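Novice: Here you go, coords26.cif (mmCIF, C-alpha atoms):
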data_model
loop_
_atom_site.group_PDB
_atom_site.id
_atom_site.type_symbol
_atom_site.label_atom_id
_atom_site.label_comp_id
_atom_site.auth_asym_id
_atom_site.auth_seq_id
_atom_site.Cartn_x
_atom_site.Cartn_y
_atom_site.Cartn_z
ATOM 1 C CA MET A 209 -17.939 24.738 -0.559
ATOM 2 C CA ASP A 210 -16.488 24.305 2.890
ATOM 3 C CA LYS A 211 -12.972 23.161 3.657
ATOM 4 C CA THR A 212 -13.773 19.474 4.366
ATOM 5 C CA THR A 213 -15.758 19.056 1.153
ATOM 6 C CA ALA A 214 -12.931 20.572 -0.892
ATOM 7 C CA LYS A 215 -10.438 18.248 0.776
ATOM 8 C CA LYS A 216 -12.588 15.172 0.047
ATOM 9 C CA ASN A 217 -13.041 16.242 -3.574
ATOM 10 C CA THR A 218 -9.290 16.677 -3.998
ATOM 11 C CA LEU A 219 -8.644 13.220 -2.542
ATOM 12 C CA LEU A 220 -11.313 11.672 -4.777
ATOM 13 C CA ARG A 221 -9.894 13.301 -7.914
ATOM 14 C CA ARG A 222 -6.394 12.103 -6.985
ATOM 15 C CA LYS A 223 -7.677 8.545 -6.430
ATOM 16 C CA LEU A 224 -9.424 8.498 -9.812
ATOM 17 C CA ARG A 225 -6.334 9.849 -11.567
ATOM 18 C CA ILE A 226 -4.221 7.070 -10.029
ATOM 19 C CA LYS A 227 -6.804 4.350 -10.833
ATOM 20 C CA LYS A 228 -6.846 5.414 -14.495
ATOM 21 C CA LYS A 229 -3.079 4.915 -14.755
ATOM 22 C CA ILE A 230 -3.215 1.574 -12.936
ATOM 23 C CA ARG A 231 -5.926 0.199 -15.229
ATOM 24 C CA ALA A 232 -3.531 0.633 -18.152
ATOM 25 C CA HIS A 233 -1.391 -2.186 -16.672
ATOM 26 C CA LYS A 234 -3.814 -5.028 -17.363
ATOM 27 C CA GLY A 235 -2.776 -8.458 -16.202
ATOM 28 C CA ASN A 236 -0.564 -7.199 -13.382
ATOM 29 C CA LEU A 237 -1.353 -7.623 -9.716
ATOM 30 C CA ARG A 238 -2.087 -4.482 -7.713
ATOM 31 C CA LEU A 239 -0.398 -3.586 -4.412
ATOM 32 C CA CYS A 240 -2.970 -1.363 -2.718
ATOM 33 C CA ILE A 241 -2.102 0.436 0.494
ATOM 34 C CA SER A 242 -4.114 2.513 2.892
ATOM 35 C CA LYS A 243 -3.249 4.145 6.160
ATOM 36 C CA THR A 244 -4.916 5.713 9.125
ATOM 37 C CA ASN A 245 -3.430 7.773 11.898
ATOM 38 C CA THR A 246 -2.741 4.634 13.896
ATOM 39 C CA SER A 247 -2.188 1.797 11.419
ATOM 40 C CA PHE A 248 -1.115 0.736 7.945
ATOM 41 C CA TYR A 249 -2.747 -1.792 5.595
ATOM 42 C CA ALA A 250 -1.432 -3.438 2.424
ATOM 43 C CA GLN A 251 -3.003 -5.916 -0.003
ATOM 44 C CA ILE A 252 -2.046 -7.590 -3.246
ATOM 45 C CA ILE A 253 -5.136 -7.880 -5.426
ATOM 46 C CA ASP A 254 -5.813 -9.715 -8.672
ATOM 47 C CA ASP A 255 -8.364 -7.426 -10.348
ATOM 48 C CA GLU A 256 -9.160 -9.817 -13.188
ATOM 49 C CA LYS A 257 -10.352 -12.518 -10.772
ATOM 50 C CA GLY A 258 -11.508 -10.094 -8.085
ATOM 51 C CA VAL A 259 -9.459 -11.860 -5.403
ATOM 52 C CA THR A 260 -7.201 -10.581 -2.642
ATOM 53 C CA LEU A 261 -4.084 -12.765 -2.699
ATOM 54 C CA LEU A 262 -2.330 -11.295 0.329
ATOM 55 C CA GLY A 263 -3.528 -8.820 2.930
ATOM 56 C CA ILE A 264 -1.623 -7.713 6.022
ATOM 57 C CA SER A 265 -2.209 -4.995 8.594
ATOM 58 C CA SER A 266 0.194 -3.320 10.990
ATOM 59 C CA LEU A 267 -2.251 -4.370 13.719
ATOM 60 C CA SER A 268 -1.277 -8.025 13.287
ATOM 61 C CA GLU A 269 0.626 -9.992 15.928
ATOM 62 C CA ASN A 270 4.020 -9.495 14.237
ATOM 63 C CA PHE A 271 3.973 -5.755 14.923
ATOM 64 C CA LYS A 272 2.766 -5.667 18.524
ATOM 65 C CA SER A 273 6.358 -5.229 19.689
ATOM 66 C CA LEU A 274 6.875 -1.929 17.840
ATOM 67 C CA LYS A 275 6.586 1.027 20.195
ATOM 68 C CA SER A 276 4.815 3.211 17.677
ATOM 69 C CA LYS A 277 3.092 1.851 14.598
ATOM 70 C CA LYS A 278 2.764 5.362 13.251
ATOM 71 C CA ASN A 279 6.291 6.394 12.305
ATOM 72 C CA ILE A 280 8.444 5.948 9.203
ATOM 73 C CA GLU A 281 10.598 3.243 10.810
ATOM 74 C CA ALA A 282 7.486 1.157 11.431
ATOM 75 C CA ALA A 283 6.474 1.645 7.766
ATOM 76 C CA LYS A 284 9.913 0.404 6.649
ATOM 77 C CA THR A 285 9.653 -2.663 8.865
ATOM 78 C CA PHE A 286 6.143 -3.330 7.592
ATOM 79 C CA GLY A 287 7.292 -2.968 3.961
ATOM 80 C CA LYS A 288 10.097 -5.505 4.377
ATOM 81 C CA PHE A 289 7.800 -7.946 6.170
ATOM 82 C CA PHE A 290 5.135 -7.561 3.475
ATOM 83 C CA ALA A 291 7.669 -8.213 0.695
ATOM 84 C CA GLU A 292 8.849 -11.368 2.460
ATOM 85 C CA LYS A 293 5.283 -12.673 2.764
ATOM 86 C CA ALA A 294 4.646 -11.893 -0.908
ATOM 87 C CA ALA A 295 7.809 -13.769 -1.896
ATOM 88 C CA GLU A 296 6.657 -16.793 0.115
ATOM 89 C CA LYS A 297 3.460 -16.845 -1.951
ATOM 90 C CA GLY A 298 5.394 -16.373 -5.198
ATOM 91 C CA LEU A 299 4.170 -12.827 -5.857
ATOM 92 C CA LYS A 300 6.879 -10.629 -7.318
ATOM 93 C CA LYS A 301 5.675 -8.159 -9.961
ATOM 94 C CA VAL A 302 2.947 -5.699 -8.930
ATOM 95 C CA VAL A 303 1.600 -2.238 -9.743
ATOM 96 C CA PHE A 304 1.737 0.208 -6.811
ATOM 97 C CA ASP A 305 -1.609 1.786 -5.890
ATOM 98 C CA ARG A 306 -1.060 4.472 -3.270
ATOM 99 C CA ASN A 307 -4.833 4.929 -2.978
ATOM 100 C CA GLY A 308 -4.849 8.719 -3.195
ATOM 101 C CA ASN A 309 -2.104 9.264 -0.621
ATOM 102 C CA LEU A 310 0.794 11.519 -1.493
ATOM 103 C CA TYR A 311 4.052 9.692 -2.225
ATOM 104 C CA HIS A 312 6.135 10.859 0.729
ATOM 105 C CA GLY A 313 6.756 9.967 4.341
ATOM 106 C CA LYS A 314 5.323 6.612 5.393
ATOM 107 C CA ILE A 315 4.076 5.752 1.889
ATOM 108 C CA LYS A 316 7.510 6.286 0.363
ATOM 109 C CA ALA A 317 9.235 4.429 3.206
ATOM 110 C CA PHE A 318 6.914 1.438 2.743
ATOM 111 C CA ALA A 319 7.433 1.411 -1.038
ATOM 112 C CA ASP A 320 11.236 1.624 -0.785
ATOM 113 C CA ALA A 321 11.368 -1.154 1.818
ATOM 114 C CA ALA A 322 9.073 -3.361 -0.276
ATOM 115 C CA ARG A 323 11.358 -2.866 -3.301
ATOM 116 C CA GLU A 324 14.396 -3.782 -1.193
ATOM 117 C CA GLY A 325 12.500 -6.864 -0.014
ATOM 118 C CA GLY A 326 12.071 -8.124 -3.567
ATOM 119 C CA LEU A 327 8.812 -6.707 -4.946
ATOM 120 C CA GLU A 328 9.070 -5.167 -8.406
ATOM 121 C CA PHE A 329 6.993 -2.082 -9.229
#
Show how you would write the structure in this file as structure tokens.

Specialist:
Amino acid sequence: MDKTTAKKNTLLRRKLRIKKKIRAHKGNLRLCISKTNTSFYAQIIDDEKGVTLLGISSLSENFKSLKSKKNIEAAKTFGKFFAEKAAEKGLKKVVFDRNGNLYHGKIKAFADAAREGGLEF
């Protein structure tokens, strides 16, 4: 097994472990995040209906003014903005799905800012 295959398997096992815990919270909406080297994506999903209620990317027009969309400060700004948009739609209580990412750095900054903005998870 080469290094890239081992890394993919580790990520897949982590994702499945997280999904198993999230499925235990039936009836709650899911806040799913994903990130790349250049951008950040967040969605609130209703799994029972199979519908995305809110989806925002750091590539949207509101974040063009940020110098770098890659750093922790940008993740904090994005988290606060996302929480405000969720509040406008009446979405408050969610389950946090970090999608296999480790809970540190940008992921933690986004989650903390979203909590400060009014989301409960």

Novice: Could you work out how far CA of His312 in chain A lies from CA of Lys215 in chain A, giving the answer in Å with one decimal?

Specialist: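 CA of His312 in chain A lies 18.1 Å from CA of Lys215 in chain A.
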
Novice: Do you have the CA of Asp305 in chain A-CA of Thr213 in chain A distance handy?

Specialist: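 That distance, rounded to one decimal, is 23.4 Å.
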
Novice: Quick one: residues within 12 Å of Arg225 in chain A, all atoms listed in the file, excluding same-chain residues fewer than 4 positions away - as JSON, numbers by chain?

Specialist: {"A": [218, 219, 220, 221, 229, 230, 231, 232, 305, 306, 307, 308, 309]}

Novice: Looking at all atoms listed in the file, which of A:Ile226, A:Ala282, A:Val302, A:Ala295 is the one that sits closest to Ile252 in chain A?

Specialist: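 Ranking A:Ile226, A:Ala282, A:Val302, A:Ala295 by distance to Ile252 in chain A, first place goes to A:Val302.
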
Novice: Compute the distance from (7.8, 3.2, -10.4) to each atom, counting all atoms listed in the file, keep the residues with any atom at most 9 Å away, and return them as a PyMOL selection string; use the coordinates of the file.

Specialist: chain A and resi 303-304+328-329

Novice: From the list A:Lys234, A:Arg323, A:Lys227, A:Lys243, which residue is nearest Leu267 in chain A when using all atoms listed in the file?

Specialist: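 Ranked by minimum distance to Leu267 in chain A, first place goes to A:Lys243.
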
Novice: Could you tell me how far CA of Phe286 in chain A sits from CA of Phe248 in chain A, in Å to one decimal place?

Specialist: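 We find that CA of Phe248 in chain A and CA of Phe286 in chain A lie 8.3 Å from each other.
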
Novice: Skip Ala322 in chain A itself and residues of its chain fewer than 5 positions away, then list as a list in words all residues within 10 Å of it, counting only C-alpha atoms.

Specialist: Ala283, Lys284, Thr285, Phe286, Gly287, Lys288, Phe289, Phe290, Ala291, Glu292, Ala294, Lys316, Ala317, Leu327, Glu328 and Phe329 of chain A

Novice: Based on the selection just made, write C-alpha atoms of those residues as a PDB file, keeping the file's coordinate frame.

Specialist:
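Contents of the output file selection_7.pdb:
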ATOM      1  CA  ALA A 283       6.474   1.645   7.766  1.00  0.00           C
ATOM      2  CA  LYS A 284       9.913   0.404   6.649  1.00  0.00           C
ATOM      3  CA  THR A 285       9.653  -2.663   8.865  1.00  0.00           C
ATOM      4  CA  PHE A 286       6.143  -3.330   7.592  1.00  0.00           C
ATOM      5  CA  GLY A 287       7.292  -2.968   3.961  1.00  0.00           C
ATOM      6  CA  LYS A 288      10.097  -5.505   4.377  1.00  0.00           C
ATOM      7  CA  PHE A 289       7.800  -7.946   6.170  1.00  0.00           C
ATOM      8  CA  PHE A 290       5.135  -7.561   3.475  1.00  0.00           C
ATOM      9  CA  ALA A 291       7.669  -8.213   0.695  1.00  0.00           C
ATOM     10  CA  GLU A 292       8.849 -11.368   2.460  1.00  0.00           C
ATOM     11  CA  ALA A 294       4.646 -11.893  -0.908  1.00  0.00           C
ATOM     12  CA  LYS A 316       7.510   6.286   0.363  1.00  0.00           C
ATOM     13  CA  ALA A 317       9.235   4.429   3.206  1.00  0.00           C
ATOM     14  CA  LEU A 327       8.812  -6.707  -4.946  1.00  0.00           C
ATOM     15  CA  GLU A 328       9.070  -5.167  -8.406  1.00  0.00           C
ATOM     16  CA  PHE A 329       6.993  -2.082  -9.229  1.00  0.00           C
TER      17      PHE A 329
END

Novice: Measuring between all atoms listed in the file, which one of A:Leu224, A:Gly326, A:Leu299, A:Ser247 shows the shortest distance to Ser265 in chain A?

Specialist: A:Ser247

Novice: Can you turn the PyMOL selection byres ((chain A and resi 260) around 12) into a concrete residue list for this file, as a ChimeraX atom specification?

Specialist: /A:237-240,250-259,261-264

Novice: Box for range 280-286 of chain A - axis-aligned, 8 Å on each of the six sides, all listed atoms - centre and size in Å to one decimal, as AutoDock Vina command-line options.

Specialist:
--center_x 8.4 --center_y 1.3 --center_z 9.0 --size_x 20.5 --size_y 25.3 --size_z 20.8

Novice: Which one is closest to Gly313 in chain A: A:Ile280, A:Lys293, A:Asp210, A:Asn245? Count only C-alpha atoms.

Specialist: A:Ile280

Novice: Between A:Gly298, A:Ser266, A:Glu281, A:Gly235, which one has atoms that come closest to Asp320 in chain A, using all atoms listed in the file?

Specialist: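 Checking each candidate against Asp320 in chain A, we get A:Glu281 as the closest.
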
Novice: Complete range 284-318 of chain A at the level of N, CA and C atoms, written as a PDB file, in the frame of the given file.

Specialist:
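Here's the written file result.pdb:
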ATOM      1  N   LYS A 284       8.819   1.155   7.291  1.00  0.00           N
ATOM      2  CA  LYS A 284       9.913   0.404   6.649  1.00  0.00           C
ATOM      3  C   LYS A 284       9.886  -1.060   7.072  1.00  0.00           C
ATOM      4  N   THR A 285       9.720  -1.290   8.357  1.00  0.00           N
ATOM      5  CA  THR A 285       9.653  -2.663   8.865  1.00  0.00           C
ATOM      6  C   THR A 285       8.476  -3.401   8.251  1.00  0.00           C
ATOM      7  N   PHE A 286       7.343  -2.730   8.171  1.00  0.00           N
ATOM      8  CA  PHE A 286       6.143  -3.330   7.592  1.00  0.00           C
ATOM      9  C   PHE A 286       6.346  -3.636   6.113  1.00  0.00           C
ATOM     10  N   GLY A 287       7.022  -2.748   5.382  1.00  0.00           N
ATOM     11  CA  GLY A 287       7.292  -2.968   3.961  1.00  0.00           C
ATOM     12  C   GLY A 287       8.172  -4.180   3.721  1.00  0.00           C
ATOM     13  N   LYS A 288       9.214  -4.342   4.516  1.00  0.00           N
ATOM     14  CA  LYS A 288      10.097  -5.505   4.377  1.00  0.00           C
ATOM     15  C   LYS A 288       9.354  -6.797   4.704  1.00  0.00           C
ATOM     16  N   PHE A 289       8.569  -6.763   5.773  1.00  0.00           N
ATOM     17  CA  PHE A 289       7.800  -7.946   6.170  1.00  0.00           C
ATOM     18  C   PHE A 289       6.790  -8.320   5.076  1.00  0.00           C
ATOM     19  N   PHE A 290       6.132  -7.315   4.518  1.00  0.00           N
ATOM     20  CA  PHE A 290       5.135  -7.561   3.475  1.00  0.00           C
ATOM     21  C   PHE A 290       5.790  -8.173   2.235  1.00  0.00           C
ATOM     22  N   ALA A 291       6.959  -7.668   1.853  1.00  0.00           N
ATOM     23  CA  ALA A 291       7.669  -8.213   0.695  1.00  0.00           C
ATOM     24  C   ALA A 291       8.081  -9.660   0.924  1.00  0.00           C
ATOM     25  N   GLU A 292       8.485  -9.979   2.139  1.00  0.00           N
ATOM     26  CA  GLU A 292       8.849 -11.368   2.460  1.00  0.00           C
ATOM     27  C   GLU A 292       7.644 -12.292   2.335  1.00  0.00           C
ATOM     28  N   LYS A 293       6.501 -11.857   2.849  1.00  0.00           N
ATOM     29  CA  LYS A 293       5.283 -12.673   2.764  1.00  0.00           C
ATOM     30  C   LYS A 293       4.842 -12.848   1.313  1.00  0.00           C
ATOM     31  N   ALA A 294       5.007 -11.804   0.511  1.00  0.00           N
ATOM     32  CA  ALA A 294       4.646 -11.893  -0.908  1.00  0.00           C
ATOM     33  C   ALA A 294       5.567 -12.874  -1.627  1.00  0.00           C
ATOM     34  N   ALA A 295       6.854 -12.849  -1.280  1.00  0.00           N
ATOM     35  CA  ALA A 295       7.809 -13.769  -1.896  1.00  0.00           C
ATOM     36  C   ALA A 295       7.489 -15.218  -1.534  1.00  0.00           C
ATOM     37  N   GLU A 296       7.042 -15.446  -0.306  1.00  0.00           N
ATOM     38  CA  GLU A 296       6.657 -16.793   0.115  1.00  0.00           C
ATOM     39  C   GLU A 296       5.498 -17.330  -0.731  1.00  0.00           C
ATOM     40  N   LYS A 297       4.604 -16.427  -1.133  1.00  0.00           N
ATOM     41  CA  LYS A 297       3.460 -16.845  -1.951  1.00  0.00           C
ATOM     42  C   LYS A 297       3.781 -16.818  -3.443  1.00  0.00           C
ATOM     43  N   GLY A 298       4.991 -16.402  -3.799  1.00  0.00           N
ATOM     44  CA  GLY A 298       5.394 -16.373  -5.198  1.00  0.00           C
ATOM     45  C   GLY A 298       4.927 -15.138  -5.947  1.00  0.00           C
ATOM     46  N   LEU A 299       4.624 -14.075  -5.245  1.00  0.00           N
ATOM     47  CA  LEU A 299       4.170 -12.827  -5.857  1.00  0.00           C
ATOM     48  C   LEU A 299       5.357 -11.882  -5.946  1.00  0.00           C
ATOM     49  N   LYS A 300       5.685 -11.450  -7.150  1.00  0.00           N
ATOM     50  CA  LYS A 300       6.879 -10.629  -7.318  1.00  0.00           C
ATOM     51  C   LYS A 300       6.585  -9.311  -8.029  1.00  0.00           C
ATOM     52  N   LYS A 301       5.893  -9.361  -9.156  1.00  0.00           N
ATOM     53  CA  LYS A 301       5.675  -8.159  -9.961  1.00  0.00           C
ATOM     54  C   LYS A 301       4.272  -7.603  -9.695  1.00  0.00           C
ATOM     55  N   VAL A 302       4.213  -6.345  -9.260  1.00  0.00           N
ATOM     56  CA  VAL A 302       2.947  -5.699  -8.930  1.00  0.00           C
ATOM     57  C   VAL A 302       2.941  -4.273  -9.471  1.00  0.00           C
ATOM     58  N   VAL A 303       1.761  -3.658  -9.438  1.00  0.00           N
ATOM     59  CA  VAL A 303       1.600  -2.238  -9.743  1.00  0.00           C
ATOM     60  C   VAL A 303       1.243  -1.558  -8.434  1.00  0.00           C
ATOM     61  N   PHE A 304       1.912  -0.466  -8.100  1.00  0.00           N
ATOM     62  CA  PHE A 304       1.737   0.208  -6.811  1.00  0.00           C
ATOM     63  C   PHE A 304       0.552   1.160  -6.872  1.00  0.00           C
ATOM     64  N   ASP A 305      -0.432   0.931  -6.010  1.00  0.00           N
ATOM     65  CA  ASP A 305      -1.609   1.786  -5.890  1.00  0.00           C
ATOM     66  C   ASP A 305      -1.537   2.471  -4.535  1.00  0.00           C
ATOM     67  N   ARG A 306      -1.213   3.759  -4.536  1.00  0.00           N
ATOM     68  CA  ARG A 306      -1.060   4.472  -3.270  1.00  0.00           C
ATOM     69  C   ARG A 306      -2.386   4.983  -2.740  1.00  0.00           C
ATOM     70  N   ASN A 307      -3.471   4.693  -3.461  1.00  0.00           N
ATOM     71  CA  ASN A 307      -4.833   4.929  -2.978  1.00  0.00           C
ATOM     72  C   ASN A 307      -5.103   6.391  -2.625  1.00  0.00           C
ATOM     73  N   GLY A 308      -4.586   7.306  -3.412  1.00  0.00           N
ATOM     74  CA  GLY A 308      -4.849   8.719  -3.195  1.00  0.00           C
ATOM     75  C   GLY A 308      -3.901   9.402  -2.234  1.00  0.00           C
ATOM     76  N   ASN A 309      -3.060   8.658  -1.546  1.00  0.00           N
ATOM     77  CA  ASN A 309      -2.104   9.264  -0.621  1.00  0.00           C
ATOM     78  C   ASN A 309      -0.940   9.852  -1.397  1.00  0.00           C
ATOM     79  N   LEU A 310      -0.377  10.919  -0.870  1.00  0.00           N
ATOM     80  CA  LEU A 310       0.794  11.519  -1.493  1.00  0.00           C
ATOM     81  C   LEU A 310       1.995  10.604  -1.289  1.00  0.00           C
ATOM     82  N   TYR A 311       2.896  10.583  -2.278  1.00  0.00           N
ATOM     83  CA  TYR A 311       4.052   9.692  -2.225  1.00  0.00           C
ATOM     84  C   TYR A 311       5.181  10.367  -1.461  1.00  0.00           C
ATOM     85  N   HIS A 312       5.071  10.368  -0.140  1.00  0.00           N
ATOM     86  CA  HIS A 312       6.135  10.859   0.729  1.00  0.00           C
ATOM     87  C   HIS A 312       5.905  10.306   2.114  1.00  0.00           C
ATOM     88  N   GLY A 313       6.896  10.424   2.962  1.00  0.00           N
ATOM     89  CA  GLY A 313       6.756   9.967   4.341  1.00  0.00           C
ATOM     90  C   GLY A 313       6.602   8.462   4.446  1.00  0.00           C
ATOM     91  N   LYS A 314       5.543   8.037   5.134  1.00  0.00           N
ATOM     92  CA  LYS A 314       5.323   6.612   5.393  1.00  0.00           C
ATOM     93  C   LYS A 314       5.065   5.825   4.108  1.00  0.00           C
ATOM     94  N   ILE A 315       4.380   6.440   3.147  1.00  0.00           N
ATOM     95  CA  ILE A 315       4.076   5.752   1.889  1.00  0.00           C
ATOM     96  C   ILE A 315       5.367   5.470   1.133  1.00  0.00           C
ATOM     97  N   LYS A 316       6.237   6.460   1.051  1.00  0.00           N
ATOM     98  CA  LYS A 316       7.510   6.286   0.363  1.00  0.00           C
ATOM     99  C   LYS A 316       8.402   5.292   1.096  1.00  0.00           C
ATOM    100  N   ALA A 317       8.418   5.354   2.411  1.00  0.00           N
ATOM    101  CA  ALA A 317       9.235   4.429   3.206  1.00  0.00           C
ATOM    102  C   ALA A 317       8.768   2.994   3.000  1.00  0.00           C
ATOM    103  N   PHE A 318       7.456   2.773   2.990  1.00  0.00           N
ATOM    104  CA  PHE A 318       6.914   1.438   2.743  1.00  0.00           C
ATOM    105  C   PHE A 318       7.301   0.947   1.351  1.00  0.00           C
TER     106      PHE A 318
END
